[in-house]
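Structure below is input16.pdb: PDB, C-alpha atoms, pLDDT in the B column.
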ATOM      1  CA  MET A 133     192.698 167.410  83.268  1.00 44.00           C
ATOM      2  CA  THR A 134     189.422 167.303  81.415  1.00 46.00           C
ATOM      3  CA  THR A 135     186.817 169.792  82.601  1.00 48.00           C
ATOM      4  CA  SER A 136     183.320 168.842  83.633  1.00 52.00           C
ATOM      5  CA  ALA A 137     179.903 170.417  83.656  1.00 55.00           C
ATOM      6  CA  ALA A 138     179.005 171.929  87.006  1.00 61.00           C
ATOM      7  CA  GLY A 139     179.496 169.238  89.614  1.00 78.00           C
ATOM      8  CA  GLN A 140     179.558 166.338  87.167  1.00 90.00           C
ATOM      9  CA  PRO A 141     182.286 163.688  87.272  1.00 94.00           C
ATOM     10  CA  LEU A 142     184.959 164.026  84.605  1.00 95.00           C
ATOM     11  CA  ILE A 143     184.536 160.374  83.628  1.00 96.00           C
ATOM     12  CA  PRO A 144     182.319 157.493  84.758  1.00 96.00           C
ATOM     13  CA  GLN A 145     183.691 155.328  87.556  1.00 96.00           C
ATOM     14  CA  PRO A 146     185.655 152.607  85.776  1.00 96.00           C
ATOM     15  CA  PRO A 147     185.541 148.940  86.706  1.00 95.00           C
ATOM     16  CA  ALA A 148     188.016 147.983  89.416  1.00 94.00           C
ATOM     17  CA  THR A 149     190.574 146.419  87.084  1.00 96.00           C
ATOM     18  CA  VAL A 150     194.189 147.402  86.527  1.00 97.00           C
ATOM     19  CA  THR A 151     193.584 148.206  82.865  1.00 97.00           C
ATOM     20  CA  ALA A 152     190.484 150.336  83.451  1.00 98.00           C
ATOM     21  CA  LEU A 153     192.049 152.189  86.387  1.00 98.00           C
ATOM     22  CA  ARG A 154     195.239 152.884  84.414  1.00 98.00           C
ATOM     23  CA  GLN A 155     193.179 154.313  81.554  1.00 98.00           C
ATOM     24  CA  ALA A 156     191.151 156.472  83.956  1.00 98.00           C
ATOM     25  CA  ILE A 157     194.278 157.816  85.636  1.00 98.00           C
ATOM     26  CA  ARG A 158     195.767 158.569  82.243  1.00 97.00           C
ATOM     27  CA  GLN A 159     192.690 160.721  81.552  1.00 97.00           C
ATOM     28  CA  ILE A 160     192.155 162.512  84.862  1.00 97.00           C
ATOM     29  CA  ALA A 161     195.519 162.494  86.672  1.00 96.00           C
ATOM     30  CA  PRO A 162     198.375 161.595  84.314  1.00 97.00           C
ATOM     31  CA  ALA A 163     200.977 162.786  86.820  1.00 97.00           C
ATOM     32  CA  ALA A 164     199.920 159.860  89.061  1.00 98.00           C
ATOM     33  CA  LEU A 165     200.784 157.198  86.460  1.00 98.00           C
ATOM     34  CA  PRO A 166     204.371 156.632  87.689  1.00 98.00           C
ATOM     35  CA  ALA A 167     203.115 156.020  91.245  1.00 98.00           C
ATOM     36  CA  PHE A 168     200.377 153.733  89.920  1.00 98.00           C
ATOM     37  CA  THR A 169     202.912 151.667  87.963  1.00 97.00           C
ATOM     38  CA  ARG A 170     205.424 151.541  90.822  1.00 98.00           C
ATOM     39  CA  GLU A 171     202.766 150.475  93.343  1.00 98.00           C
ATOM     40  CA  LEU A 172     201.333 147.901  90.936  1.00 98.00           C
ATOM     41  CA  ASP A 173     204.782 146.352  90.534  1.00 97.00           C
ATOM     42  CA  GLN A 174     205.237 146.267  94.316  1.00 97.00           C
ATOM     43  CA  ALA A 175     201.808 144.701  94.887  1.00 97.00           C
ATOM     44  CA  ALA A 176     202.414 142.100  92.182  1.00 96.00           C
ATOM     45  CA  ASP A 177     205.815 141.217  93.689  1.00 96.00           C
ATOM     46  CA  GLN A 178     204.316 140.898  97.171  1.00 96.00           C
ATOM     47  CA  SER A 179     201.489 138.738  95.848  1.00 94.00           C
ATOM     48  CA  ARG A 180     203.917 136.437  94.065  1.00 93.00           C
ATOM     49  CA  GLN A 181     206.263 136.152  97.032  1.00 94.00           C
ATOM     50  CA  GLY A 182     203.487 135.414  99.492  1.00 92.00           C
ATOM     51  CA  SER A 183     201.212 133.459  97.144  1.00 93.00           C
ATOM     52  CA  ASP A 184     198.500 135.825  98.330  1.00 93.00           C
ATOM     53  CA  LEU A 185     196.183 138.090  96.353  1.00 93.00           C
ATOM     54  CA  ALA A 186     195.697 140.533  99.256  1.00 95.00           C
ATOM     55  CA  PRO A 187     198.400 142.989  98.089  1.00 96.00           C
ATOM     56  CA  LEU A 188     196.841 143.195  94.614  1.00 95.00           C
ATOM     57  CA  GLN A 189     193.351 143.504  96.071  1.00 94.00           C
ATOM     58  CA  GLY A 190     194.565 146.322  98.322  1.00 95.00           C
ATOM     59  CA  PHE A 191     196.192 148.033  95.351  1.00 97.00           C
ATOM     60  CA  ILE A 192     192.957 147.863  93.337  1.00 96.00           C
ATOM     61  CA  ALA A 193     190.914 149.187  96.277  1.00 95.00           C
ATOM     62  CA  GLN A 194     193.335 152.063  96.866  1.00 96.00           C
ATOM     63  CA  TRP A 195     193.424 153.165  93.235  1.00 98.00           C
ATOM     64  CA  ALA A 196     189.696 152.684  92.635  1.00 97.00           C
ATOM     65  CA  THR A 197     189.131 154.995  95.605  1.00 97.00           C
ATOM     66  CA  TYR A 198     191.670 157.471  94.238  1.00 97.00           C
ATOM     67  CA  VAL A 199     189.940 157.507  90.851  1.00 98.00           C
ATOM     68  CA  HIS A 200     186.511 157.871  92.461  1.00 97.00           C
ATOM     69  CA  ILE A 201     187.669 161.039  94.224  1.00 97.00           C
ATOM     70  CA  GLN A 202     189.864 162.491  91.461  1.00 97.00           C
ATOM     71  CA  ARG A 203     187.197 162.149  88.782  1.00 97.00           C
ATOM     72  CA  GLN A 204     185.070 164.589  90.805  1.00 96.00           C
ATOM     73  CA  PRO A 205     186.931 167.919  90.928  1.00 95.00           C
ATOM     74  CA  TYR A 206     184.995 169.245  93.909  1.00 95.00           C
ATOM     75  CA  LEU A 207     185.820 166.119  95.962  1.00 95.00           C
ATOM     76  CA  ALA A 208     189.466 166.208  94.886  1.00 96.00           C
ATOM     77  CA  ALA A 209     189.707 169.880  95.914  1.00 96.00           C
ATOM     78  CA  GLU A 210     188.073 169.159  99.274  1.00 96.00           C
ATOM     79  CA  LEU A 211     190.494 166.293  99.913  1.00 97.00           C
ATOM     80  CA  ARG A 212     193.474 168.523  99.045  1.00 96.00           C
ATOM     81  CA  ARG A 213     192.204 171.210 101.449  1.00 96.00           C
ATOM     82  CA  TRP A 214     191.928 168.700 104.281  1.00 96.00           C
ATOM     83  CA  GLU A 215     195.359 167.237 103.473  1.00 95.00           C
ATOM     84  CA  ASP A 216     196.852 170.742 103.561  1.00 95.00           C
ATOM     85  CA  THR A 217     195.134 171.414 106.889  1.00 93.00           C
ATOM     86  CA  ALA A 218     196.478 168.153 108.298  1.00 92.00           C
ATOM     87  CA  GLU A 219     200.026 169.145 107.343  1.00 91.00           C
ATOM     88  CA  SER A 220     199.973 172.795 108.347  1.00 87.00           C
ATOM     89  CA  GLY A 221     197.368 173.080 111.096  1.00 72.00           C
ATOM     90  CA  ASP A 222     197.694 172.725 114.826  1.00 88.00           C
ATOM     91  CA  ALA A 223     196.935 169.429 116.588  1.00 92.00           C
ATOM     92  CA  ALA A 224     193.176 170.063 116.814  1.00 93.00           C
ATOM     93  CA  GLN A 225     192.986 171.022 113.142  1.00 93.00           C
ATOM     94  CA  ALA A 226     195.039 167.968 112.198  1.00 92.00           C
ATOM     95  CA  ARG A 227     192.645 165.696 114.113  1.00 94.00           C
ATOM     96  CA  GLN A 228     189.644 167.290 112.407  1.00 94.00           C
ATOM     97  CA  ALA A 229     191.364 166.957 109.027  1.00 95.00           C
ATOM     98  CA  ALA A 230     192.142 163.279 109.674  1.00 95.00           C
ATOM     99  CA  SER A 231     188.522 162.683 110.610  1.00 96.00           C
ATOM    100  CA  GLU A 232     187.241 164.418 107.464  1.00 96.00           C
ATOM    101  CA  ILE A 233     189.707 162.562 105.236  1.00 96.00           C
ATOM    102  CA  GLY A 234     188.587 159.281 106.808  1.00 95.00           C
ATOM    103  CA  ARG A 235     184.943 160.192 106.204  1.00 96.00           C
ATOM    104  CA  MET A 236     185.686 160.999 102.561  1.00 96.00           C
ATOM    105  CA  LEU A 237     187.525 157.718 102.066  1.00 95.00           C
ATOM    106  CA  ASP A 238     184.733 155.753 103.746  1.00 95.00           C
ATOM    107  CA  GLU A 239     182.174 157.436 101.479  1.00 94.00           C
ATOM    108  CA  ALA A 240     184.302 156.690  98.424  1.00 95.00           C
ATOM    109  CA  HIS A 241     184.640 153.032  99.465  1.00 94.00           C
ATOM    110  CA  ALA A 242     180.876 152.749  99.922  1.00 94.00           C
ATOM    111  CA  ALA A 243     180.215 154.441  96.566  1.00 93.00           C
ATOM    112  CA  ILE A 244     182.339 151.920  94.701  1.00 93.00           C
ATOM    113  CA  GLY A 245     181.154 148.910  96.684  1.00 92.00           C
ATOM    114  CA  LEU A 246     184.188 148.338  98.891  1.00 86.00           C
ATOM    115  CA  PRO A 247     184.013 147.583 102.604  1.00 80.00           C
ATOM    116  CA  ALA A 248     184.872 150.454 104.947  1.00 73.00           C
ATOM    117  CA  ARG A 249     188.547 150.868 105.679  1.00 67.00           C
TER     118      ARG A 249
END
As structure tokens:
Amino acid sequence: MTTSAAGQPLIPQPPATVTALRQAIRQIAPAALPAFTRELDQAADQSRQGSDLAPLQGFIAQWATYVHIQRQPYLAAELRRWEDTAESGDAAQARQAASEIGRMLDEAHAAIGLPAR
């Protein structure tokens, strides 16, 4: 992963297009490319089968949110900490972790102009 100056994003937030998101993931989280490709194929298949763009729109929203968080190392680390807490904590810790993860996702959606989840 590319390093950043103190607290600065690794890259600018890319446009919410498949091509721009793929390029961003290649730069900041190359290990996620297989999942990106697999989920894109699934969303495209679902869109074709249902003659509905919703699966592709959901895919774009999900990955634009992922990129928004991953391009900011401090946010990505905070998300990982909460995910770890959700998996290994007791029920109260898991509820708090779920709430914090939801807050982070809502903030990411707002930052990139998507409606709240």
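Nearest residue to Gln159 of chain A, choosing from A:Gln202, A:Glu210, A:Gly139, A:Ile192 and counting all atoms listed in the file: A:Gln202.
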Which residues, named as in the file, does the PyMOL selection byres ((chain A and resi 219-236) around 12) pick out? Answer as a VMD selection string.
chain A and resid 197 to 198 200 to 202 206 to 218 237 to 243 248 to 249
Gap from atom CA of Ala156 of chain A to atom CA of Leu185 of chain A - Å, one decimal
22.7 Å
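Proximity of A:Ile244, A:Asp177, A:Glu171, A:Ser183 to Val150 of chain A, computed with only C-alpha atoms, is greatest for A:Glu171.
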Please write the residues picked by the PyMOL selection byres ((chain A and resi 188) around 8) on this file as a PyMOL selection string.
chain A and resi 172+175-176+179+185-187+189-192
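Put simply, atom CA of Gln174 of chain A is 29.7 Å away from atom CA of Pro141 of chain A.
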Box time for segment 213-221 of chain A: axis-aligned, enclosing all its listed atoms, 6 Å extra on each side; report centre and edge lengths in Å to one decimal, as lines of an AutoDock Vina configuration file.
center_x = 196.0
center_y = 170.2
center_z = 106.3
size_x = 20.1
size_y = 17.8
size_z = 21.6
May I have the protein, DNA and RNA residues with an atom at most 12 Å from (194.6, 154.7, 82.4), counting all atoms listed in the file in the file's coordinates, returned as a ChimeraX atom specification?
/A:143,146-166,168-169,195-196,199
In Å, rounded to a single decimal, give me how far atom CA of Gly245 of chain A is from atom CA of Gln178 of chain A.
24.5 Å
